[in-house]
file protein-v4.txt (compact mmCIF, N, CA and C atoms and all ligand atoms)
# COMPACT_ATOMS: atom_id res chain seq x y z
N MET X 1 0.84 -1.18 0.00
CA MET X 1 0.00 0.00 0.00
C MET X 1 0.88 1.25 0.00
N VAL X 2 0.30 2.33 -0.55
CA VAL X 2 1.05 3.60 -0.53
C VAL X 2 0.90 4.20 0.86
N GLU X 3 2.02 4.38 1.53
CA GLU X 3 1.99 4.86 2.91
C GLU X 3 2.26 6.36 2.98
N GLU X 4 2.99 6.85 2.00
CA GLU X 4 3.42 8.25 2.09
C GLU X 4 3.75 8.74 0.69
N VAL X 5 3.46 10.02 0.43
CA VAL X 5 3.96 10.64 -0.80
C VAL X 5 5.03 11.65 -0.39
N ARG X 6 6.10 11.70 -1.17
CA ARG X 6 7.22 12.57 -0.82
C ARG X 6 7.56 13.53 -1.94
N GLY X 7 8.12 14.66 -1.57
CA GLY X 7 8.58 15.64 -2.54
C GLY X 7 8.65 17.00 -1.89
N ALA X 8 9.49 17.85 -2.44
CA ALA X 8 9.63 19.21 -1.91
C ALA X 8 9.00 20.16 -2.94
N GLY X 9 7.71 20.48 -2.74
CA GLY X 9 7.01 21.35 -3.68
C GLY X 9 6.50 20.60 -4.89
N ARG X 10 7.05 19.46 -5.17
CA ARG X 10 6.64 18.65 -6.32
C ARG X 10 6.84 17.19 -5.96
N LEU X 11 5.86 16.36 -6.34
CA LEU X 11 5.92 14.94 -6.02
C LEU X 11 7.18 14.31 -6.62
N SER X 12 7.88 13.52 -5.84
CA SER X 12 9.07 12.84 -6.39
C SER X 12 9.07 11.34 -6.09
N ALA X 13 8.36 10.92 -5.05
CA ALA X 13 8.42 9.50 -4.68
C ALA X 13 7.23 9.13 -3.82
N VAL X 14 6.96 7.83 -3.78
CA VAL X 14 5.99 7.31 -2.81
C VAL X 14 6.70 6.27 -1.96
N VAL X 15 6.20 6.10 -0.75
CA VAL X 15 6.71 5.03 0.12
C VAL X 15 5.67 3.91 0.10
N LEU X 16 6.12 2.74 -0.32
CA LEU X 16 5.24 1.57 -0.43
C LEU X 16 5.53 0.62 0.72
N ARG X 17 4.46 0.14 1.36
CA ARG X 17 4.66 -0.86 2.40
C ARG X 17 4.08 -2.20 1.96
N ASP X 18 4.90 -3.22 2.03
CA ASP X 18 4.47 -4.59 1.73
C ASP X 18 3.69 -5.09 2.95
N LEU X 19 2.38 -5.30 2.77
CA LEU X 19 1.54 -5.66 3.92
C LEU X 19 1.82 -7.09 4.40
N GLY X 20 2.47 -7.89 3.55
CA GLY X 20 2.83 -9.24 3.96
C GLY X 20 4.05 -9.24 4.86
N SER X 21 5.12 -8.63 4.36
CA SER X 21 6.38 -8.65 5.11
C SER X 21 6.52 -7.47 6.08
N GLY X 22 5.73 -6.43 5.84
CA GLY X 22 5.83 -5.24 6.69
C GLY X 22 6.94 -4.29 6.24
N GLU X 23 7.70 -4.68 5.20
CA GLU X 23 8.82 -3.84 4.76
C GLU X 23 8.34 -2.64 3.94
N ALA X 24 9.04 -1.54 4.09
CA ALA X 24 8.72 -0.33 3.33
C ALA X 24 9.87 -0.02 2.38
N ARG X 25 9.51 0.52 1.20
CA ARG X 25 10.56 0.96 0.28
C ARG X 25 10.07 2.20 -0.46
N GLU X 26 11.02 3.00 -0.89
CA GLU X 26 10.68 4.22 -1.63
C GLU X 26 10.75 3.95 -3.12
N MET X 27 9.78 4.48 -3.87
CA MET X 27 9.79 4.34 -5.33
C MET X 27 9.66 5.73 -5.94
N ALA X 28 10.55 6.07 -6.85
CA ALA X 28 10.50 7.37 -7.52
C ALA X 28 9.33 7.37 -8.50
N VAL X 29 8.49 8.41 -8.47
CA VAL X 29 7.34 8.53 -9.38
C VAL X 29 7.19 9.98 -9.82
N ASP X 30 6.52 10.17 -10.96
CA ASP X 30 6.23 11.52 -11.46
C ASP X 30 4.79 11.93 -11.18
N GLY X 31 3.93 10.94 -10.90
CA GLY X 31 2.52 11.27 -10.67
C GLY X 31 1.84 10.18 -9.87
N VAL X 32 0.67 10.52 -9.33
CA VAL X 32 -0.12 9.58 -8.54
C VAL X 32 -1.59 9.71 -8.94
N PHE X 33 -2.24 8.58 -9.18
CA PHE X 33 -3.70 8.56 -9.36
C PHE X 33 -4.29 7.91 -8.12
N ALA X 34 -5.17 8.62 -7.43
CA ALA X 34 -5.77 8.06 -6.22
C ALA X 34 -7.04 7.31 -6.58
N LYS X 35 -7.12 6.04 -6.18
CA LYS X 35 -8.35 5.26 -6.36
C LYS X 35 -9.00 5.11 -4.99
N ILE X 36 -10.17 5.72 -4.83
CA ILE X 36 -10.75 5.77 -3.50
C ILE X 36 -11.52 4.52 -3.13
N GLY X 37 -11.82 3.67 -4.13
CA GLY X 37 -12.55 2.44 -3.84
C GLY X 37 -14.05 2.66 -3.83
N TYR X 38 -14.78 1.57 -3.61
CA TYR X 38 -16.23 1.62 -3.67
C TYR X 38 -16.84 1.03 -2.41
N ARG X 39 -18.06 1.42 -2.12
CA ARG X 39 -18.83 0.73 -1.10
C ARG X 39 -20.25 0.60 -1.66
N PRO X 40 -20.66 -0.62 -1.99
CA PRO X 40 -21.99 -0.76 -2.60
C PRO X 40 -23.09 -0.35 -1.63
N ASP X 41 -24.12 0.32 -2.15
CA ASP X 41 -25.22 0.84 -1.34
C ASP X 41 -26.30 -0.24 -1.25
N THR X 42 -26.02 -1.28 -0.47
CA THR X 42 -26.90 -2.46 -0.47
C THR X 42 -27.42 -2.82 0.92
N GLU X 43 -27.24 -1.93 1.87
CA GLU X 43 -27.71 -2.28 3.24
C GLU X 43 -29.19 -2.66 3.25
N TRP X 44 -29.97 -2.00 2.39
CA TRP X 44 -31.40 -2.29 2.34
C TRP X 44 -31.68 -3.71 1.86
N LEU X 45 -30.67 -4.35 1.29
CA LEU X 45 -30.87 -5.72 0.79
C LEU X 45 -30.40 -6.77 1.79
N ARG X 46 -29.81 -6.32 2.91
CA ARG X 46 -29.33 -7.30 3.90
C ARG X 46 -30.52 -8.06 4.46
N GLY X 47 -30.41 -9.37 4.42
CA GLY X 47 -31.53 -10.21 4.86
C GLY X 47 -32.51 -10.52 3.75
N VAL X 48 -32.36 -9.84 2.60
CA VAL X 48 -33.24 -10.10 1.46
C VAL X 48 -32.55 -11.06 0.50
N VAL X 49 -31.30 -10.71 0.13
CA VAL X 49 -30.47 -11.62 -0.69
C VAL X 49 -29.10 -11.71 -0.02
N GLY X 50 -28.38 -12.75 -0.36
CA GLY X 50 -27.06 -12.95 0.22
C GLY X 50 -26.07 -11.90 -0.24
N LEU X 51 -25.33 -11.34 0.72
CA LEU X 51 -24.32 -10.33 0.42
C LEU X 51 -22.95 -10.84 0.88
N THR X 52 -21.91 -10.34 0.25
CA THR X 52 -20.57 -10.63 0.73
C THR X 52 -20.31 -9.79 1.99
N GLU X 53 -19.19 -10.05 2.64
CA GLU X 53 -18.84 -9.28 3.84
C GLU X 53 -18.77 -7.79 3.55
N THR X 54 -18.38 -7.46 2.30
CA THR X 54 -18.23 -6.05 1.96
C THR X 54 -19.47 -5.48 1.28
N GLY X 55 -20.57 -6.26 1.29
CA GLY X 55 -21.84 -5.71 0.84
C GLY X 55 -22.20 -5.93 -0.61
N TYR X 56 -21.38 -6.68 -1.34
CA TYR X 56 -21.74 -6.97 -2.73
C TYR X 56 -22.74 -8.12 -2.78
N ILE X 57 -23.58 -8.12 -3.81
CA ILE X 57 -24.60 -9.18 -3.93
C ILE X 57 -23.94 -10.46 -4.48
N LYS X 58 -24.19 -11.56 -3.78
CA LYS X 58 -23.66 -12.84 -4.25
C LYS X 58 -24.60 -13.40 -5.32
N THR X 59 -24.00 -13.84 -6.42
CA THR X 59 -24.79 -14.53 -7.45
C THR X 59 -24.01 -15.74 -7.92
N ASP X 60 -24.72 -16.61 -8.67
CA ASP X 60 -24.00 -17.67 -9.36
C ASP X 60 -23.71 -17.18 -10.78
N LEU X 61 -23.19 -18.07 -11.62
CA LEU X 61 -22.81 -17.65 -12.97
C LEU X 61 -24.02 -17.28 -13.83
N LEU X 62 -25.21 -17.74 -13.41
CA LEU X 62 -26.42 -17.39 -14.15
C LEU X 62 -27.06 -16.12 -13.59
N LEU X 63 -26.30 -15.43 -12.72
CA LEU X 63 -26.70 -14.14 -12.15
C LEU X 63 -27.86 -14.28 -11.17
N ARG X 64 -28.09 -15.52 -10.69
CA ARG X 64 -29.14 -15.74 -9.69
C ARG X 64 -28.60 -15.38 -8.31
N THR X 65 -29.41 -14.71 -7.53
CA THR X 65 -29.08 -14.55 -6.12
C THR X 65 -29.57 -15.80 -5.39
N ASP X 66 -29.44 -15.81 -4.08
CA ASP X 66 -29.93 -16.98 -3.34
C ASP X 66 -31.43 -16.90 -3.10
N ARG X 67 -32.09 -15.89 -3.65
CA ARG X 67 -33.56 -15.80 -3.53
C ARG X 67 -34.16 -16.07 -4.92
N PRO X 68 -34.96 -17.12 -5.05
CA PRO X 68 -35.50 -17.46 -6.37
C PRO X 68 -36.22 -16.28 -7.02
N GLY X 69 -35.90 -16.05 -8.29
CA GLY X 69 -36.55 -14.98 -9.03
C GLY X 69 -35.90 -13.62 -8.87
N VAL X 70 -34.83 -13.55 -8.07
CA VAL X 70 -34.12 -12.27 -7.91
C VAL X 70 -32.71 -12.43 -8.50
N PHE X 71 -32.40 -11.55 -9.44
CA PHE X 71 -31.13 -11.61 -10.15
C PHE X 71 -30.35 -10.31 -9.90
N ALA X 72 -29.06 -10.35 -10.13
CA ALA X 72 -28.25 -9.13 -9.98
C ALA X 72 -27.23 -9.06 -11.10
N ALA X 73 -26.90 -7.84 -11.51
CA ALA X 73 -25.94 -7.64 -12.59
C ALA X 73 -25.15 -6.37 -12.35
N GLY X 74 -23.94 -6.36 -12.86
CA GLY X 74 -23.14 -5.13 -12.82
C GLY X 74 -22.27 -5.02 -11.59
N ASP X 75 -21.84 -3.83 -11.33
CA ASP X 75 -20.83 -3.59 -10.28
C ASP X 75 -21.31 -3.93 -8.88
N VAL X 76 -22.61 -4.05 -8.70
CA VAL X 76 -23.12 -4.36 -7.37
C VAL X 76 -22.93 -5.85 -7.03
N ARG X 77 -22.57 -6.61 -8.07
CA ARG X 77 -22.34 -8.05 -7.88
C ARG X 77 -20.97 -8.28 -7.27
N ASP X 78 -20.84 -9.40 -6.56
CA ASP X 78 -19.56 -9.79 -5.99
C ASP X 78 -18.45 -9.64 -7.05
N PRO X 79 -17.46 -8.77 -6.80
CA PRO X 79 -16.45 -8.49 -7.82
C PRO X 79 -15.43 -9.60 -8.03
N THR X 80 -15.50 -10.67 -7.23
CA THR X 80 -14.52 -11.74 -7.38
C THR X 80 -14.58 -12.31 -8.79
N GLY X 81 -13.49 -12.20 -9.52
CA GLY X 81 -13.42 -12.79 -10.85
C GLY X 81 -14.12 -12.00 -11.94
N ARG X 82 -14.63 -10.82 -11.64
CA ARG X 82 -15.25 -10.03 -12.71
C ARG X 82 -14.53 -8.70 -12.85
N HIS X 83 -14.60 -8.14 -14.06
CA HIS X 83 -13.96 -6.85 -14.31
C HIS X 83 -15.03 -5.77 -14.29
N PRO X 84 -14.93 -4.79 -13.42
CA PRO X 84 -15.95 -3.75 -13.35
C PRO X 84 -15.80 -2.75 -14.50
N GLN X 85 -16.46 -3.04 -15.60
CA GLN X 85 -16.41 -2.18 -16.78
C GLN X 85 -17.83 -1.97 -17.28
N THR X 86 -18.03 -0.91 -18.07
CA THR X 86 -19.38 -0.66 -18.58
C THR X 86 -19.85 -1.82 -19.46
N ILE X 87 -18.92 -2.37 -20.25
CA ILE X 87 -19.36 -3.42 -21.18
C ILE X 87 -19.75 -4.70 -20.44
N THR X 88 -19.04 -5.04 -19.35
CA THR X 88 -19.42 -6.24 -18.60
C THR X 88 -20.72 -5.99 -17.85
N ALA X 89 -20.91 -4.79 -17.32
CA ALA X 89 -22.15 -4.48 -16.61
C ALA X 89 -23.34 -4.54 -17.58
N ALA X 90 -23.17 -3.99 -18.77
CA ALA X 90 -24.26 -4.00 -19.76
C ALA X 90 -24.56 -5.43 -20.21
N ALA X 91 -23.50 -6.20 -20.42
CA ALA X 91 -23.70 -7.60 -20.85
C ALA X 91 -24.43 -8.38 -19.76
N GLU X 92 -24.02 -8.18 -18.52
CA GLU X 92 -24.68 -8.89 -17.42
C GLU X 92 -26.14 -8.45 -17.30
N GLY X 93 -26.40 -7.18 -17.55
CA GLY X 93 -27.77 -6.69 -17.51
C GLY X 93 -28.63 -7.40 -18.55
N ALA X 94 -28.07 -7.59 -19.76
CA ALA X 94 -28.81 -8.28 -20.81
C ALA X 94 -29.04 -9.74 -20.42
N LEU X 95 -28.00 -10.38 -19.90
CA LEU X 95 -28.14 -11.79 -19.50
C LEU X 95 -29.15 -11.95 -18.36
N ALA X 96 -29.11 -11.04 -17.42
CA ALA X 96 -30.04 -11.11 -16.30
C ALA X 96 -31.47 -10.90 -16.79
N ALA X 97 -31.66 -9.98 -17.74
CA ALA X 97 -33.01 -9.74 -18.28
C ALA X 97 -33.54 -11.00 -18.96
N LEU X 98 -32.67 -11.69 -19.70
CA LEU X 98 -33.09 -12.94 -20.35
C LEU X 98 -33.41 -14.01 -19.31
N ALA X 99 -32.61 -14.04 -18.25
CA ALA X 99 -32.86 -15.02 -17.18
C ALA X 99 -34.19 -14.72 -16.48
N VAL X 100 -34.50 -13.45 -16.31
CA VAL X 100 -35.79 -13.08 -15.72
C VAL X 100 -36.93 -13.55 -16.62
N GLU X 101 -36.77 -13.34 -17.93
CA GLU X 101 -37.81 -13.76 -18.87
C GLU X 101 -38.03 -15.28 -18.76
N ASP X 102 -36.93 -16.03 -18.74
CA ASP X 102 -37.04 -17.49 -18.60
C ASP X 102 -37.70 -17.86 -17.28
N TYR X 103 -37.32 -17.16 -16.24
CA TYR X 103 -37.88 -17.46 -14.92
C TYR X 103 -39.39 -17.22 -14.92
N LEU X 104 -39.81 -16.14 -15.55
CA LEU X 104 -41.25 -15.84 -15.58
C LEU X 104 -42.02 -16.85 -16.42
N LYS X 105 -41.36 -17.35 -17.48
CA LYS X 105 -42.04 -18.31 -18.35
C LYS X 105 -42.04 -19.71 -17.75
N LEU X 106 -40.89 -20.08 -17.17
CA LEU X 106 -40.67 -21.48 -16.79
C LEU X 106 -40.54 -21.72 -15.30
N GLY X 107 -40.56 -20.67 -14.51
CA GLY X 107 -40.33 -20.85 -13.08
C GLY X 107 -38.88 -21.13 -12.80
N GLU X 108 -38.60 -21.78 -11.69
CA GLU X 108 -37.20 -21.99 -11.31
C GLU X 108 -36.45 -22.84 -12.32
N ALA X 109 -37.13 -23.71 -13.05
CA ALA X 109 -36.46 -24.51 -14.08
C ALA X 109 -35.90 -23.60 -15.17
N GLY X 110 -36.47 -22.41 -15.32
CA GLY X 110 -36.02 -21.48 -16.35
C GLY X 110 -34.64 -20.92 -16.07
N ASP X 111 -34.16 -21.08 -14.85
CA ASP X 111 -32.82 -20.62 -14.55
C ASP X 111 -31.77 -21.56 -15.13
N ASP X 112 -32.21 -22.75 -15.51
CA ASP X 112 -31.26 -23.76 -15.97
C ASP X 112 -31.26 -23.81 -17.50
N PRO X 113 -30.15 -23.33 -18.14
CA PRO X 113 -30.14 -23.29 -19.60
C PRO X 113 -30.37 -24.65 -20.22
N ALA X 114 -30.06 -25.74 -19.50
CA ALA X 114 -30.22 -27.08 -20.06
C ALA X 114 -31.70 -27.41 -20.28
N VAL X 115 -32.58 -26.69 -19.60
CA VAL X 115 -34.02 -26.98 -19.67
C VAL X 115 -34.63 -26.40 -20.93
N GLN X 116 -34.02 -25.37 -21.52
CA GLN X 116 -34.64 -24.65 -22.63
C GLN X 116 -34.56 -25.39 -23.95
C1 LIG B 201 -13.86 6.87 -11.83
C2 LIG B 201 -14.33 5.71 -12.67
C3 LIG B 201 -13.84 5.54 -13.95
C4 LIG B 201 -14.27 4.46 -14.73
N1 LIG B 201 -13.77 4.34 -16.00
C5 LIG B 201 -14.23 3.35 -16.79
C6 LIG B 201 -13.78 3.22 -18.14
O1 LIG B 201 -12.97 4.01 -18.63
N2 LIG B 201 -14.27 2.21 -18.88
C7 LIG B 201 -15.20 1.33 -18.39
O2 LIG B 201 -15.64 0.44 -19.12
N3 LIG B 201 -15.63 1.40 -17.11
C8 LIG B 201 -15.18 2.39 -16.29
N4 LIG B 201 -15.60 2.48 -15.00
C9 LIG B 201 -16.49 1.44 -14.47
C10 LIG B 201 -17.93 1.65 -14.93
O3 LIG B 201 -18.33 2.98 -14.67
C11 LIG B 201 -18.82 0.67 -14.16
O4 LIG B 201 -18.31 -0.65 -14.31
C12 LIG B 201 -20.25 0.70 -14.68
O5 LIG B 201 -20.78 2.00 -14.60
C13 LIG B 201 -21.11 -0.25 -13.86
O6 LIG B 201 -22.42 -0.13 -14.29
P1 LIG B 201 -23.59 -0.54 -13.33
O7 LIG B 201 -24.84 -0.30 -14.11
O8 LIG B 201 -23.34 -1.91 -12.79
O9 LIG B 201 -23.50 0.44 -12.07
P2 LIG B 201 -23.64 2.05 -12.02
O10 LIG B 201 -23.18 2.68 -13.31
O11 LIG B 201 -22.96 2.44 -10.75
O12 LIG B 201 -25.20 2.26 -11.92
C14 LIG B 201 -25.93 1.96 -10.76
C15 LIG B 201 -27.07 2.97 -10.69
O13 LIG B 201 -28.00 2.57 -9.68
C16 LIG B 201 -28.35 3.70 -8.92
N5 LIG B 201 -28.80 3.22 -7.60
C17 LIG B 201 -28.04 2.81 -6.54
N6 LIG B 201 -28.82 2.43 -5.52
C18 LIG B 201 -30.11 2.59 -5.94
C19 LIG B 201 -31.39 2.35 -5.34
N7 LIG B 201 -31.51 1.89 -4.09
N8 LIG B 201 -32.47 2.63 -6.07
C20 LIG B 201 -32.39 3.08 -7.35
N9 LIG B 201 -31.20 3.32 -7.96
C21 LIG B 201 -30.09 3.08 -7.27
C22 LIG B 201 -27.10 4.55 -8.88
O14 LIG B 201 -27.39 5.89 -8.57
C23 LIG B 201 -26.58 4.37 -10.30
O15 LIG B 201 -27.16 5.31 -11.18
C24 LIG B 201 -15.20 3.55 -14.21
C25 LIG B 201 -15.70 3.71 -12.90
C26 LIG B 201 -15.28 4.78 -12.15
C27 LIG B 201 -15.83 4.96 -10.75
call {"tool": "encode", "arguments": {"input": "protein-v4.txt", "output": "structure tokens"}}
result
Amino acid sequence: MVEEVRGAGRLSAVVLRDLGSGEAREMAVDGVFAKIGYRPDTEWLRGVVGLTETGYIKTDLLLRTDRPGVFAAGDVRDPTGRHPQTITAAAEGALAALAVEDYLKLGEAGDDPAVQ
């Protein structure tokens, strides 16, 4: 992690700490982009669908939550193994919409592509 930014009037280096070993080292840099991170606004869903410890909605690969008939797509989904990009969010939205259509037509069996 970046522990410190250094420079006299102008940025010249950052101090990086290895969280595994605890060791710190200085790295010369010309610029820094700060990524502040995200916190999904899903507290209202706690107890409704399964969430990760950090509040993302858990789904399977068919975008099903653990509540039948409820699907999730996009950045609000558990980020493990997915890339948070507009194109992946839009694609997941399309897939989830198709899964909803199948669910409405076929019930829970509609979640299973092998059934169609
Ligand atoms: C700084 C930054 C730069 C990025 N640059 C790129 C890039 O260059 N290329 C790229 O592909 N991706 C980029 N991304 C990622 C991209 O923006 C996201 O992956 C994408 O927007 C996710 O789409 P989404 O529909 O899942 O979520 P969002 O776009 O976050 O949409 C969710 C919407 O739901 C609304 N909402 C939230 N809670 C509720 C509620 N309770 N009721 C009703 N509405 C609600 C929110 O207000 C929001 O409008 C960037 C993201 C950030 C933050």
call {"tool": "residues_near_ligand", "arguments": {"input": "protein-v4.txt", "ligand": "ligand LIG 201 (chain B)", "cutoff": "6 Å", "atoms": "all atoms listed in the file", "output": "PDB file with N, CA and C atoms, in the frame of the given file"}}
result
ATOM      1  N   ASP X  41     -24.120   0.320  -2.150  1.00  0.00           N
ATOM      2  CA  ASP X  41     -25.220   0.840  -1.340  1.00  0.00           C
ATOM      3  C   ASP X  41     -26.300  -0.240  -1.250  1.00  0.00           C
ATOM      4  N   ALA X  73     -26.900  -7.840 -11.510  1.00  0.00           N
ATOM      5  CA  ALA X  73     -25.940  -7.640 -12.590  1.00  0.00           C
ATOM      6  C   ALA X  73     -25.150  -6.370 -12.350  1.00  0.00           C
ATOM      7  N   GLY X  74     -23.940  -6.360 -12.860  1.00  0.00           N
ATOM      8  CA  GLY X  74     -23.140  -5.130 -12.820  1.00  0.00           C
ATOM      9  C   GLY X  74     -22.270  -5.020 -11.590  1.00  0.00           C
ATOM     10  N   ASP X  75     -21.840  -3.830 -11.330  1.00  0.00           N
ATOM     11  CA  ASP X  75     -20.830  -3.590 -10.280  1.00  0.00           C
ATOM     12  C   ASP X  75     -21.310  -3.930  -8.880  1.00  0.00           C
ATOM     13  N   VAL X  76     -22.610  -4.050  -8.700  1.00  0.00           N
ATOM     14  CA  VAL X  76     -23.120  -4.360  -7.370  1.00  0.00           C
ATOM     15  C   VAL X  76     -22.930  -5.850  -7.030  1.00  0.00           C
ATOM     16  N   PRO X  84     -14.930  -4.790 -13.420  1.00  0.00           N
ATOM     17  CA  PRO X  84     -15.950  -3.750 -13.350  1.00  0.00           C
ATOM     18  C   PRO X  84     -15.800  -2.750 -14.500  1.00  0.00           C
ATOM     19  N   GLN X  85     -16.460  -3.040 -15.600  1.00  0.00           N
ATOM     20  CA  GLN X  85     -16.410  -2.180 -16.780  1.00  0.00           C
ATOM     21  C   GLN X  85     -17.830  -1.970 -17.280  1.00  0.00           C
ATOM     22  N   THR X  86     -18.030  -0.910 -18.070  1.00  0.00           N
ATOM     23  CA  THR X  86     -19.380  -0.660 -18.580  1.00  0.00           C
ATOM     24  C   THR X  86     -19.850  -1.820 -19.460  1.00  0.00           C
ATOM     25  N   ILE X  87     -18.920  -2.370 -20.250  1.00  0.00           N
ATOM     26  CA  ILE X  87     -19.360  -3.420 -21.180  1.00  0.00           C
ATOM     27  C   ILE X  87     -19.750  -4.700 -20.440  1.00  0.00           C
ATOM     28  N   ALA X  89     -20.910  -4.790 -17.320  1.00  0.00           N
ATOM     29  CA  ALA X  89     -22.150  -4.480 -16.610  1.00  0.00           C
ATOM     30  C   ALA X  89     -23.340  -4.540 -17.580  1.00  0.00           C
ATOM     31  N   ALA X  90     -23.170  -3.990 -18.770  1.00  0.00           N
ATOM     32  CA  ALA X  90     -24.260  -4.000 -19.760  1.00  0.00           C
ATOM     33  C   ALA X  90     -24.560  -5.430 -20.210  1.00  0.00           C
TER      34      ALA X  90
END
call {"tool": "residues_around", "arguments": {"input": "protein-v4.txt", "residues": "Ala72 of chain X", "least_positions_apart": "5", "cutoff": "6.5 Å", "atoms": "all atoms listed in the file", "output": "list in words"}}
result
Leu63, Arg64, Thr65, Arg77, Glu92 and Ala96 of chain X
call {"tool": "residues_around", "arguments": {"input": "protein-v4.txt", "residues": "Gly7 of chain X", "least_positions_apart": "5", "cutoff": "10 Å", "atoms": "only C-alpha atoms", "output": "list in words"}}
result
Ser12, Ala13, Val14, Ala28 and Val29 of chain X
call {"tool": "atom_distance", "arguments": {"input": "protein-v4.txt", "atom1": "atom CA of Leu106 of chain X", "atom2": "atom N of Arg67 of chain X"}}
result
16.7 Å
call {"tool": "closest_residue", "arguments": {"input": "protein-v4.txt", "among": "X:Glu108, X:Arg17, X:Asp102, X:Arg25", "to": "Pro68 of chain X", "atoms": "only N, CA and C atoms"}}
result
X:Glu108
call {"tool": "select_by_dssp", "arguments": {"input": "protein-v4.txt", "residues": "chain X", "states": "helix (DSSP H, G or I)", "output": "PyMOL selection string"}}
result
chain X and resi 43-45+86-111+113-115
call {"tool": "closest_residue", "arguments": {"input": "protein-v4.txt", "among": "X:Ala97, X:Tyr56, X:Ala8, X:Leu104", "to": "Thr42 of chain X", "atoms": "all atoms listed in the file"}}
result
X:Tyr56
call {"tool": "atom_distance", "arguments": {"input": "protein-v4.txt", "atom1": "atom CA of Thr52 of chain X", "atom2": "atom CA of His83 of chain X"}}
result
16.9 Å
call {"tool": "closest_residue", "arguments": {"input": "protein-v4.txt", "among": "X:Glu23, X:Thr59, X:Thr54, X:Gly107", "to": "Tyr38 of chain X", "atoms": "only N, CA and C atoms"}}
result
X:Thr54
call {"tool": "atom_distance", "arguments": {"input": "protein-v4.txt", "atom1": "atom CA of Glu3 of chain X", "atom2": "atom CA of Gly37 of chain X"}}
result
16.2 Å
call {"tool": "closest_residue", "arguments": {"input": "protein-v4.txt", "among": "X:Arg10, X:Asp66, X:Gly22, X:Met27", "to": "Gly50 of chain X", "atoms": "all atoms listed in the file"}}
result
X:Asp66
call {"tool": "select_by_dssp", "arguments": {"input": "protein-v4.txt", "residues": "segment 3-76 of chain X", "states": "strand (DSSP E or B)", "output": "list in words"}}
result
Glu3, Glu4, Val5, Arg6, Gly7, Leu11, Ser12, Ala13, Val14, Val15, Leu16, Arg17, Ala24, Arg25, Glu26, Met27, Ala28, Arg46, Val49, Leu51, Ile57, Arg64 and Phe71 of chain X
call {"tool": "closest_residue", "arguments": {"input": "protein-v4.txt", "among": "X:Val49, X:Asp18, X:Phe71, X:Leu62", "to": "Val2 of chain X", "atoms": "all atoms listed in the file"}}
result
X:Asp18
call {"tool": "build_atoms", "arguments": {"input": "protein-v4.txt", "residues": "segment 70-80 of chain X", "atoms": "N, CA, C and O atoms", "output": "short mmCIF file (atom, residue, chain, number, x, y, z; two decimals), in the frame of the given file"}}
result
data_model
loop_
_atom_site.label_atom_id
_atom_site.label_comp_id
_atom_site.auth_asym_id
_atom_site.auth_seq_id
_atom_site.Cartn_x
_atom_site.Cartn_y
_atom_site.Cartn_z
N VAL X 70 -34.83 -13.55 -8.07
CA VAL X 70 -34.12 -12.27 -7.91
C VAL X 70 -32.71 -12.43 -8.50
O VAL X 70 -31.97 -13.34 -8.12
N PHE X 71 -32.40 -11.55 -9.44
CA PHE X 71 -31.13 -11.61 -10.15
C PHE X 71 -30.35 -10.31 -9.90
O PHE X 71 -30.94 -9.30 -9.51
N ALA X 72 -29.06 -10.35 -10.13
CA ALA X 72 -28.25 -9.13 -9.98
C ALA X 72 -27.23 -9.06 -11.10
O ALA X 72 -26.76 -10.10 -11.60
N ALA X 73 -26.90 -7.84 -11.51
CA ALA X 73 -25.94 -7.64 -12.59
C ALA X 73 -25.15 -6.37 -12.35
O ALA X 73 -25.63 -5.45 -11.68
N GLY X 74 -23.94 -6.36 -12.86
CA GLY X 74 -23.14 -5.13 -12.82
C GLY X 74 -22.27 -5.02 -11.59
O GLY X 74 -22.02 -6.00 -10.87
N ASP X 75 -21.84 -3.83 -11.33
CA ASP X 75 -20.83 -3.59 -10.28
C ASP X 75 -21.31 -3.93 -8.88
O ASP X 75 -20.49 -4.06 -7.97
N VAL X 76 -22.61 -4.05 -8.70
CA VAL X 76 -23.12 -4.36 -7.37
C VAL X 76 -22.93 -5.85 -7.03
O VAL X 76 -23.07 -6.27 -5.91
N ARG X 77 -22.57 -6.61 -8.07
CA ARG X 77 -22.34 -8.05 -7.88
C ARG X 77 -20.97 -8.28 -7.27
O ARG X 77 -20.05 -7.50 -7.49
N ASP X 78 -20.84 -9.40 -6.56
CA ASP X 78 -19.56 -9.79 -5.99
C ASP X 78 -18.45 -9.64 -7.05
O ASP X 78 -18.52 -10.26 -8.10
N PRO X 79 -17.46 -8.77 -6.80
CA PRO X 79 -16.45 -8.49 -7.82
C PRO X 79 -15.43 -9.60 -8.03
O PRO X 79 -14.62 -9.53 -8.95
N THR X 80 -15.50 -10.67 -7.23
CA THR X 80 -14.52 -11.74 -7.38
C THR X 80 -14.58 -12.31 -8.79
O THR X 80 -15.63 -12.80 -9.23
#
